[in-house]
file run07.tsv (TSV, C-alpha atoms)
chain	number	residue	atom	x	y	z
T	16	MET	CA	67.04	81.46	72.94
T	17	GLU	CA	65.43	80.86	69.59
T	18	ILE	CA	66.68	82.45	66.39
T	19	VAL	CA	64.36	82.68	63.39
T	20	GLN	CA	65.90	83.64	60.08
T	21	GLU	CA	64.03	85.02	57.08
T	22	LYS	CA	65.00	86.60	53.82
T	23	THR	CA	62.99	89.05	51.75
T	24	ASN	CA	64.64	90.28	48.55
T	25	ASP	CA	68.22	90.98	49.58
T	26	ILE	CA	67.53	91.65	53.26
T	27	VAL	CA	68.11	89.01	55.93
T	28	ILE	CA	65.85	89.33	58.98
T	29	ILE	CA	66.98	87.67	62.19
T	30	LYS	CA	64.34	87.45	64.88
T	31	LEU	CA	65.62	86.88	68.41
T	32	ILE	CA	63.27	85.15	70.82
T	33	GLY	CA	64.15	84.94	74.53
T	34	LYS	CA	67.37	85.96	76.21
T	35	LEU	CA	70.59	87.01	74.56
T	36	ASP	CA	73.08	86.56	77.39
T	37	SER	CA	76.45	84.99	78.20
T	38	ASN	CA	74.87	81.59	77.73
T	39	THR	CA	73.22	82.17	74.34
T	40	ALA	CA	75.41	84.80	72.65
T	41	SER	CA	77.43	82.07	70.92
T	42	GLN	CA	74.20	80.83	69.26
T	43	LEU	CA	73.73	84.21	67.65
T	44	GLU	CA	77.39	84.35	66.69
T	45	SER	CA	77.18	81.01	64.92
T	46	SER	CA	74.09	82.01	62.95
T	47	LEU	CA	75.12	85.57	62.14
T	48	MET	CA	78.75	85.18	61.11
T	49	PRO	CA	78.22	82.54	58.38
T	50	ILE	CA	75.51	84.77	56.83
T	51	ILE	CA	77.97	87.65	56.60
T	52	ASP	CA	80.74	85.37	55.36
T	53	ALA	CA	78.35	84.15	52.66
T	54	GLY	CA	78.11	87.70	51.36
T	55	GLU	CA	74.85	89.03	52.81
T	56	LYS	CA	75.16	92.78	53.33
T	57	LYS	CA	71.78	93.89	54.65
T	58	ILE	CA	70.77	92.48	58.00
T	59	ILE	CA	67.91	93.39	60.34
T	60	VAL	CA	67.96	92.01	63.88
T	61	ASP	CA	64.45	92.15	65.26
T	62	GLY	CA	63.86	92.23	69.01
T	63	VAL	CA	60.08	92.22	69.33
T	64	GLN	CA	60.36	88.96	71.29
T	65	LEU	CA	63.78	89.63	72.80
T	66	ASP	CA	63.49	89.78	76.58
T	67	TYR	CA	67.00	90.58	77.58
T	68	ILE	CA	70.49	91.43	76.35
T	69	SER	CA	73.84	91.32	78.16
T	70	SER	CA	77.28	92.56	77.11
T	71	ALA	CA	77.98	89.14	75.56
T	72	GLY	CA	75.08	89.77	73.17
T	73	LEU	CA	76.22	93.32	72.48
T	74	ARG	CA	79.67	91.96	71.63
T	75	VAL	CA	78.29	89.66	68.93
T	76	LEU	CA	76.31	92.52	67.36
T	77	LEU	CA	79.42	94.71	67.40
T	78	MET	CA	81.52	92.00	65.75
T	79	ALA	CA	78.87	91.68	63.04
T	80	ALA	CA	78.79	95.46	62.54
T	81	LYS	CA	82.58	95.57	62.20
T	82	LYS	CA	82.57	92.75	59.65
T	83	LEU	CA	79.79	94.35	57.62
T	84	LYS	CA	81.34	97.80	57.71
T	85	ALA	CA	84.46	96.36	56.09
T	86	VAL	CA	82.40	95.16	53.10
T	87	GLU	CA	80.12	98.22	53.03
T	88	GLY	CA	77.22	96.28	54.46
T	89	LYS	CA	74.93	97.28	57.29
T	90	ILE	CA	73.20	95.74	60.29
T	91	VAL	CA	70.26	97.52	61.92
T	92	LEU	CA	67.86	96.70	64.73
T	93	SER	CA	64.10	96.86	65.04
T	94	SER	CA	61.38	96.63	67.69
T	95	LEU	CA	63.60	96.74	70.77
T	96	LYS	CA	61.92	96.92	74.16
T	97	ASP	CA	62.55	100.07	76.20
T	98	TYR	CA	64.65	98.21	78.72
T	99	ILE	CA	66.91	96.84	75.98
T	100	LYS	CA	67.14	100.27	74.35
T	101	GLU	CA	68.40	101.61	77.68
T	102	VAL	CA	71.19	99.00	77.70
T	103	PHE	CA	72.10	100.03	74.13
T	104	GLU	CA	72.28	103.67	75.20
T	105	ILE	CA	74.45	103.00	78.26
T	106	ALA	CA	76.86	101.01	76.09
T	107	GLY	CA	76.90	103.76	73.45
T	108	PHE	CA	75.52	101.30	70.91
T	109	ASN	CA	72.73	103.67	69.89
T	110	MET	CA	75.46	105.65	68.13
T	111	ILE	CA	76.63	102.63	66.16
T	112	PHE	CA	73.33	100.95	65.32
T	113	SER	CA	70.23	102.44	63.82
T	114	ILE	CA	67.21	101.27	65.79
T	115	TYR	CA	63.81	101.27	64.08
T	116	GLY	CA	60.30	100.93	65.44
T	117	ASP	CA	59.51	97.83	63.42
T	118	ILE	CA	60.77	95.61	60.60
T	119	LYS	CA	58.98	97.62	57.89
T	120	GLU	CA	60.71	100.83	58.96
T	121	ALA	CA	64.04	99.02	59.08
T	122	GLU	CA	63.55	97.59	55.58
T	123	ALA	CA	62.82	101.06	54.25
T	124	ALA	CA	66.17	102.25	55.60
T	125	PHE	CA	68.21	100.10	53.21
V	267	MET	CA	60.20	92.41	106.44
V	268	ALA	CA	63.15	91.66	104.25
V	269	GLU	CA	63.06	88.56	102.09
V	270	ARG	CA	66.26	86.75	101.34
V	271	ILE	CA	67.57	84.02	99.07
V	272	ASN	CA	71.01	82.41	99.08
V	273	ILE	CA	72.31	80.80	95.91
V	274	SER	CA	75.61	78.92	95.49
V	275	LEU	CA	77.15	78.19	92.15
V	276	GLU	CA	80.29	76.57	90.82
V	277	ASN	CA	82.79	78.53	88.75
V	278	LYS	CA	81.41	77.30	85.44
V	279	ILE	CA	79.72	79.52	82.85
V	280	SER	CA	76.86	77.03	82.57
V	281	GLU	CA	76.05	77.64	86.26
V	282	ILE	CA	75.19	81.30	85.66
V	283	VAL	CA	71.91	80.60	83.92
V	284	LYS	CA	70.81	78.35	86.80
V	285	ALA	CA	71.62	81.03	89.38
V	286	VAL	CA	69.85	83.69	87.34
V	287	GLU	CA	66.76	81.47	86.97
V	288	LYS	CA	66.62	80.90	90.74
V	289	PHE	CA	66.74	84.63	91.33
V	290	GLU	CA	64.11	85.23	88.66
V	291	GLN	CA	61.73	82.78	90.27
V	292	PHE	CA	62.30	84.38	93.66
V	293	GLY	CA	61.80	87.86	92.21
V	294	GLU	CA	58.54	86.84	90.55
V	295	GLU	CA	57.27	85.31	93.79
V	296	LYS	CA	58.06	88.56	95.57
V	297	GLU	CA	56.37	90.51	92.77
V	298	LEU	CA	59.36	92.53	91.68
V	299	SER	CA	58.82	94.45	88.44
V	300	LEU	CA	60.13	92.90	85.23
V	301	LYS	CA	62.46	95.89	84.84
V	302	ILE	CA	64.07	95.28	88.25
V	303	ILE	CA	64.35	91.54	87.57
V	304	ASN	CA	65.98	92.21	84.19
V	305	THR	CA	68.38	94.77	85.64
V	306	VAL	CA	69.53	92.46	88.43
V	307	ASN	CA	69.76	89.55	85.97
V	308	LEU	CA	71.99	91.58	83.73
V	309	ALA	CA	74.23	92.68	86.60
V	310	LEU	CA	74.51	89.08	87.85
V	311	ASP	CA	75.27	87.77	84.37
V	312	GLU	CA	77.99	90.38	83.84
V	313	ILE	CA	79.77	90.07	87.17
V	314	LEU	CA	79.60	86.26	87.28
V	315	THR	CA	80.82	85.94	83.68
V	316	ASN	CA	83.72	88.19	84.58
V	317	THR	CA	84.66	86.32	87.75
V	318	ILE	CA	84.34	82.86	86.21
V	319	SER	CA	86.16	83.79	82.98
V	320	TYR	CA	89.05	85.79	84.44
V	321	GLY	CA	89.08	85.39	88.22
V	322	TYR	CA	90.62	81.97	88.72
V	323	LYS	CA	94.21	81.11	87.98
V	324	ASP	CA	93.83	77.41	88.79
V	325	SER	CA	91.48	74.86	87.25
V	326	GLN	CA	89.98	73.80	90.56
V	327	LYS	CA	86.33	73.86	91.49
V	328	HIS	CA	85.33	77.00	93.41
V	329	ILE	CA	82.05	78.07	94.92
V	330	ILE	CA	80.57	81.52	94.44
V	331	GLU	CA	77.96	82.60	96.96
V	332	LEU	CA	75.10	84.96	96.20
V	333	GLU	CA	72.85	86.54	98.75
V	334	ILE	CA	69.93	88.54	97.45
V	335	GLU	CA	67.81	90.53	99.84
V	336	ILE	CA	64.63	92.34	98.92
V	337	GLY	CA	63.95	95.13	101.37
V	338	GLU	CA	61.18	97.69	101.40
V	339	LYS	CA	63.02	100.21	99.31
V	340	GLU	CA	65.87	98.40	97.65
V	341	ILE	CA	67.26	95.09	96.54
V	342	THR	CA	70.75	94.16	97.69
V	343	VAL	CA	72.88	91.57	95.92
V	344	THR	CA	76.05	90.35	97.65
V	345	ILE	CA	78.50	88.22	95.69
V	346	THR	CA	81.28	86.48	97.60
V	347	ASP	CA	84.01	84.56	95.80
V	348	ASP	CA	87.54	83.30	96.44
V	349	ALA	CA	88.86	84.42	93.05
V	350	GLU	CA	91.90	86.65	92.57
V	351	ALA	CA	91.44	90.10	94.09
V	352	PHE	CA	89.44	92.19	91.66
V	353	ASN	CA	87.77	95.49	92.39
V	354	PRO	CA	85.26	96.21	89.61
V	355	LEU	CA	84.99	99.81	90.79
V	356	GLU	CA	88.61	100.46	89.87
V	357	LYS	CA	88.23	99.17	86.36
V	358	GLU	CA	88.86	101.84	83.76
V	359	GLU	CA	85.75	103.16	82.04
V	360	PRO	CA	85.51	102.16	78.39
V	361	ASN	CA	85.04	104.92	75.85
V	362	VAL	CA	81.45	104.35	74.78
V	363	SER	CA	81.40	107.04	72.13
V	364	GLN	CA	83.73	105.44	69.61
V	365	SER	CA	83.00	104.63	66.00
V	366	VAL	CA	82.25	101.09	64.93
V	367	GLU	CA	85.81	100.48	63.68
V	368	ASP	CA	87.48	101.71	66.89
V	369	LYS	CA	85.05	100.35	69.43
V	370	PRO	CA	86.68	97.52	71.37
V	371	VAL	CA	84.79	94.23	71.47
V	372	GLY	CA	84.48	93.84	75.22
V	373	GLY	CA	84.93	95.70	78.48
V	374	LEU	CA	81.28	96.67	78.61
V	375	GLY	CA	80.01	94.42	81.38
V	376	ILE	CA	81.24	96.43	84.36
V	377	HIS	CA	80.23	99.65	82.62
V	378	LEU	CA	76.66	98.36	82.35
V	379	ILE	CA	76.61	97.37	86.02
V	380	LYS	CA	77.87	100.79	87.12
V	381	ASN	CA	75.17	102.53	85.15
V	382	LEU	CA	72.25	100.24	85.87
V	383	MET	CA	72.69	99.76	89.62
V	384	ASP	CA	72.31	102.57	92.17
V	385	LYS	CA	75.13	101.76	94.57
V	386	LEU	CA	78.18	99.49	94.43
V	387	GLU	CA	80.61	98.47	97.12
V	388	TYR	CA	83.70	96.26	97.07
V	389	LYS	CA	85.62	94.69	99.95
V	390	ARG	CA	88.44	92.17	100.12
V	391	VAL	CA	88.02	90.16	103.33
V	392	ASN	CA	89.88	86.96	104.28
V	393	GLU	CA	91.14	86.36	100.73
V	394	LYS	CA	87.63	86.79	99.38
V	395	ASN	CA	86.04	89.36	97.08
V	396	ILE	CA	82.80	90.76	98.41
V	397	PHE	CA	80.90	92.81	95.87
V	398	ILE	CA	77.63	94.44	96.90
V	399	MET	CA	75.19	95.92	94.40
V	400	ARG	CA	72.06	97.84	95.36
V	401	LYS	CA	69.12	98.89	93.26
V	402	LYS	CA	66.19	101.04	94.40
V	403	LEU	CA	62.85	99.35	93.95
V	404	ILE	CA	60.94	102.56	93.42
V	405	SER	CA	62.25	105.05	90.92
V	406	GLU	CA	62.12	108.64	92.07
call {"tool": "encode", "arguments": {"input": "run07.tsv", "output": "structure tokens"}}
result
Amino acid sequence: MEIVQEKTNDIVIIKLIGKLDSNTASQLESSLMPIIDAGEKKIIVDGVQLDYISSAGLRVLLMAAKKLKAVEGKIVLSSLKDYIKEVFEIAGFNMIFSIYGDIKEAEAAF
Amino acid sequence: MAERINISLENKISEIVKAVEKFEQFGEEKELSLKIINTVNLALDEILTNTISYGYKDSQKHIIELEIEIGEKEITVTITDDAEAFNPLEKEEPNVSQSVEDKPVGGLGIHLIKNLMDKLEYKRVNEKNIFIMRKKLISE
């Protein structure tokens, strides 16, 4: 998996490319957690090029959401494929994360 | 005619990706839809992660066998391992409607499998776990 990180104003955008599974979830963990520890409070995870997510990936997103909630920050998602949205719904993650159609919509939500 | 592939892997997390890639290649050759391939990939990733992470009490090398059969109407995945007895069907359902603070980090893998696959079966035979997952190829 490839992780591309961008920052516009005070919003960090993390683009996930490929598969977020048991093998790659630790990659996301080690890029996401230091950002939060550094004090970033607005994070968008974009899935336009994300092909797949497993519970290991969901776990990392949940850990990030918990950390951000404690400091009144927020993590949202954008451009998820239908199949990935279905996994979010089954896990009940659609009730925890706001999911937007694209990055622009997500940016407007902050 | 049914098409079949057998894949063996060692009880190491790094082996999962290799097994999943073999299935993916097979699925593409047999022209399965991307949705079916992704669903089976996810189920394989979840169950194998579970077995390899929690199933073995020793630090020995073990072999996990996968048999994947593509029939006319459904795909059948059989996973056979010599790990500790574990029936995924008896695992308690996680509460998926909790708030972010209360939501436990984990326990979602089996829940995803139960909801994404159409039929699950578990047997313990000769000190081995046999877990069978079926998914319909055509949605009704």
call {"tool": "closest_atom_pairs", "arguments": {"input": "run07.tsv", "of": "chain V", "to": "chain T", "cutoff": "7 Å", "atoms": "all atoms listed in the file", "output": "Markdown table"}}
result
| residue | atom | partner | partner_atom | distance |
| --- | --- | --- | --- | --- |
| V:Ser280 | CA | T:Asn38 | CA | 6.9 |
| V:Val283 | CA | T:Asn38 | CA | 6.9 |
| V:Lys301 | CA | T:Tyr98 | CA | 6.9 |
| V:Asn304 | CA | T:Tyr67 | CA | 6.9 |
| V:Leu308 | CA | T:Ser69 | CA | 5.9 |
| V:Asp311 | CA | T:Ser37 | CA | 6.9 |
| V:Val362 | CA | T:Gly107 | CA | 4.8 |
| V:Ser363 | CA | T:Gly107 | CA | 5.7 |
| V:Ser365 | CA | T:Ile111 | CA | 6.7 |
| V:Val366 | CA | T:Ile111 | CA | 6.0 |
| V:Glu367 | CA | T:Lys81 | CA | 6.1 |
| V:Val371 | CA | T:Arg74 | CA | 5.6 |
| V:Gly372 | CA | T:Arg74 | CA | 6.3 |
| V:Leu374 | CA | T:Ser70 | CA | 5.9 |
| V:Gly375 | CA | T:Ser70 | CA | 5.4 |
| V:Leu378 | CA | T:Ile105 | CA | 6.6 |
| V:Asn381 | CA | T:Ile105 | CA | 6.9 |
call {"tool": "write_last_selection", "arguments": {"input": "run07.tsv", "atoms": "C-alpha atoms", "output": "mmCIF file, in the coordinates of the input"}}
result
data_model
loop_
_atom_site.group_PDB
_atom_site.id
_atom_site.type_symbol
_atom_site.label_atom_id
_atom_site.label_comp_id
_atom_site.auth_asym_id
_atom_site.auth_seq_id
_atom_site.Cartn_x
_atom_site.Cartn_y
_atom_site.Cartn_z
ATOM 1 C CA SER V 280 76.860 77.030 82.570
ATOM 2 C CA VAL V 283 71.910 80.600 83.920
ATOM 3 C CA LYS V 301 62.460 95.890 84.840
ATOM 4 C CA ASN V 304 65.980 92.210 84.190
ATOM 5 C CA LEU V 308 71.990 91.580 83.730
ATOM 6 C CA ASP V 311 75.270 87.770 84.370
ATOM 7 C CA VAL V 362 81.450 104.350 74.780
ATOM 8 C CA SER V 363 81.400 107.040 72.130
ATOM 9 C CA SER V 365 83.000 104.630 66.000
ATOM 10 C CA VAL V 366 82.250 101.090 64.930
ATOM 11 C CA GLU V 367 85.810 100.480 63.680
ATOM 12 C CA VAL V 371 84.790 94.230 71.470
ATOM 13 C CA GLY V 372 84.480 93.840 75.220
ATOM 14 C CA LEU V 374 81.280 96.670 78.610
ATOM 15 C CA GLY V 375 80.010 94.420 81.380
ATOM 16 C CA LEU V 378 76.660 98.360 82.350
ATOM 17 C CA ASN V 381 75.170 102.530 85.150
#
call {"tool": "residues_near_point", "arguments": {"input": "run07.tsv", "point": "(76.6, 90.3, 93.1)", "cutoff": "7 Å", "atoms": "only C-alpha atoms", "output": "PDB file with C-alpha atoms, keeping the file's coordinate frame"}}
result
ATOM      1  CA  LEU V 310      74.510  89.080  87.850  1.00  0.00           C
ATOM      2  CA  ILE V 313      79.770  90.070  87.170  1.00  0.00           C
ATOM      3  CA  LEU V 332      75.100  84.960  96.200  1.00  0.00           C
ATOM      4  CA  VAL V 343      72.880  91.570  95.920  1.00  0.00           C
ATOM      5  CA  THR V 344      76.050  90.350  97.650  1.00  0.00           C
ATOM      6  CA  ILE V 345      78.500  88.220  95.690  1.00  0.00           C
ATOM      7  CA  PHE V 397      80.900  92.810  95.870  1.00  0.00           C
ATOM      8  CA  ILE V 398      77.630  94.440  96.900  1.00  0.00           C
ATOM      9  CA  MET V 399      75.190  95.920  94.400  1.00  0.00           C
TER      10      MET V 399
END
call {"tool": "atom_distance", "arguments": {"input": "run07.tsv", "atom1": "atom CA of Lys56 of chain T", "atom2": "atom CA of Leu95 of chain T"}}
result
21.3 Å
call {"tool": "closest_residue", "arguments": {"input": "run07.tsv", "among": "T:Ile114, T:Ala124, T:Ile50, T:Leu65", "to": "Lys22 of chain T", "atoms": "all atoms listed in the file"}}
result
T:Ile50
call {"tool": "residues_near_point", "arguments": {"input": "run07.tsv", "point": "(79.2, 86.2, 53.6)", "cutoff": "12 Å", "atoms": "only C-alpha atoms", "output": "PyMOL selection string"}}
result
chain T and resi 27+46-58+79+82-83+85-86+88
call {"tool": "axis_aligned_box", "arguments": {"input": "run07.tsv", "around": "segment 372-378 of chain V", "padding_each_side": "6 Å", "output": "lines of an AutoDock Vina configuration file"}}
result
center_x = 80.8
center_y = 96.7
center_z = 79.8
size_x = 20.3
size_y = 17.8
size_z = 21.1
call {"tool": "atom_distance", "arguments": {"input": "run07.tsv", "atom1": "atom CA of Gly72 of chain T", "atom2": "atom CA of Ala40 of chain T"}}
result
5.0 Å
call {"tool": "closest_residue", "arguments": {"input": "run07.tsv", "among": "V:Glu359, V:Glu331, V:Glu290, V:Asp368", "to": "Ile302 of chain V", "atoms": "all atoms listed in the file"}}
result
V:Glu290
call {"tool": "atom_distance", "arguments": {"input": "run07.tsv", "atom1": "atom CA of Met383 of chain V", "atom2": "atom CA of Thr305 of chain V"}}
result
7.7 Å
call {"tool": "closest_residue", "arguments": {"input": "run07.tsv", "among": "V:Ala285, V:Gly373, V:Val391, V:Ser299", "to": "Ile341 of chain V", "atoms": "all atoms listed in the file"}}
result
V:Ser299
call {"tool": "build_atoms", "arguments": {"input": "run07.tsv", "residues": "segment 53-70 of chain T", "atoms": "N, CA and C atoms", "output": "PDB file, keeping the file's coordinate frame"}}
result
ATOM      1  N   ALA T  53      78.940  84.589  53.920  1.00  0.00           N
ATOM      2  CA  ALA T  53      78.350  84.150  52.660  1.00  0.00           C
ATOM      3  C   ALA T  53      78.054  85.318  51.724  1.00  0.00           C
ATOM      4  N   GLY T  54      78.243  86.539  52.236  1.00  0.00           N
ATOM      5  CA  GLY T  54      78.110  87.700  51.360  1.00  0.00           C
ATOM      6  C   GLY T  54      76.865  88.554  51.560  1.00  0.00           C
ATOM      7  N   GLU T  55      76.026  88.190  52.533  1.00  0.00           N
ATOM      8  CA  GLU T  55      74.850  89.030  52.810  1.00  0.00           C
ATOM      9  C   GLU T  55      75.300  90.363  53.385  1.00  0.00           C
ATOM     10  N   LYS T  56      74.709  91.460  52.896  1.00  0.00           N
ATOM     11  CA  LYS T  56      75.160  92.780  53.330  1.00  0.00           C
ATOM     12  C   LYS T  56      74.096  93.618  54.015  1.00  0.00           C
ATOM     13  N   LYS T  57      72.864  93.135  54.002  1.00  0.00           N
ATOM     14  CA  LYS T  57      71.780  93.890  54.650  1.00  0.00           C
ATOM     15  C   LYS T  57      71.111  93.000  55.683  1.00  0.00           C
ATOM     16  N   ILE T  58      71.309  93.331  56.931  1.00  0.00           N
ATOM     17  CA  ILE T  58      70.770  92.480  58.000  1.00  0.00           C
ATOM     18  C   ILE T  58      69.942  93.307  58.983  1.00  0.00           C
ATOM     19  N   ILE T  59      68.746  92.793  59.296  1.00  0.00           N
ATOM     20  CA  ILE T  59      67.910  93.390  60.340  1.00  0.00           C
ATOM     21  C   ILE T  59      67.832  92.394  61.495  1.00  0.00           C
ATOM     22  N   VAL T  60      68.158  92.846  62.693  1.00  0.00           N
ATOM     23  CA  VAL T  60      67.960  92.010  63.880  1.00  0.00           C
ATOM     24  C   VAL T  60      66.737  92.542  64.599  1.00  0.00           C
ATOM     25  N   ASP T  61      65.700  91.707  64.673  1.00  0.00           N
ATOM     26  CA  ASP T  61      64.450  92.150  65.260  1.00  0.00           C
ATOM     27  C   ASP T  61      64.299  91.658  66.701  1.00  0.00           C
ATOM     28  N   GLY T  62      63.925  92.570  67.590  1.00  0.00           N
ATOM     29  CA  GLY T  62      63.860  92.230  69.010  1.00  0.00           C
ATOM     30  C   GLY T  62      62.472  92.287  69.606  1.00  0.00           C
ATOM     31  N   VAL T  63      61.445  92.109  68.777  1.00  0.00           N
ATOM     32  CA  VAL T  63      60.080  92.220  69.330  1.00  0.00           C
ATOM     33  C   VAL T  63      59.845  91.157  70.408  1.00  0.00           C
ATOM     34  N   GLN T  64      60.517  90.015  70.268  1.00  0.00           N
ATOM     35  CA  GLN T  64      60.360  88.960  71.290  1.00  0.00           C
ATOM     36  C   GLN T  64      61.652  88.737  72.082  1.00  0.00           C
ATOM     37  N   LEU T  65      62.536  89.733  72.036  1.00  0.00           N
ATOM     38  CA  LEU T  65      63.780  89.630  72.800  1.00  0.00           C
ATOM     39  C   LEU T  65      63.551  90.190  74.207  1.00  0.00           C
ATOM     40  N   ASP T  66      63.813  89.381  75.209  1.00  0.00           N
ATOM     41  CA  ASP T  66      63.490  89.780  76.580  1.00  0.00           C
ATOM     42  C   ASP T  66      64.657  90.459  77.288  1.00  0.00           C
ATOM     43  N   TYR T  67      65.853  90.246  76.759  1.00  0.00           N
ATOM     44  CA  TYR T  67      67.000  90.580  77.580  1.00  0.00           C
ATOM     45  C   TYR T  67      68.270  90.544  76.751  1.00  0.00           C
ATOM     46  N   ILE T  68      69.193  91.478  77.029  1.00  0.00           N
ATOM     47  CA  ILE T  68      70.490  91.430  76.350  1.00  0.00           C
ATOM     48  C   ILE T  68      71.593  91.743  77.357  1.00  0.00           C
ATOM     49  N   SER T  69      72.690  91.026  77.297  1.00  0.00           N
ATOM     50  CA  SER T  69      73.840  91.320  78.160  1.00  0.00           C
ATOM     51  C   SER T  69      75.005  91.743  77.275  1.00  0.00           C
ATOM     52  N   SER T  70      76.136  92.078  77.890  1.00  0.00           N
ATOM     53  CA  SER T  70      77.280  92.560  77.110  1.00  0.00           C
ATOM     54  C   SER T  70      77.782  91.488  76.141  1.00  0.00           C
TER      55      SER T  70
END
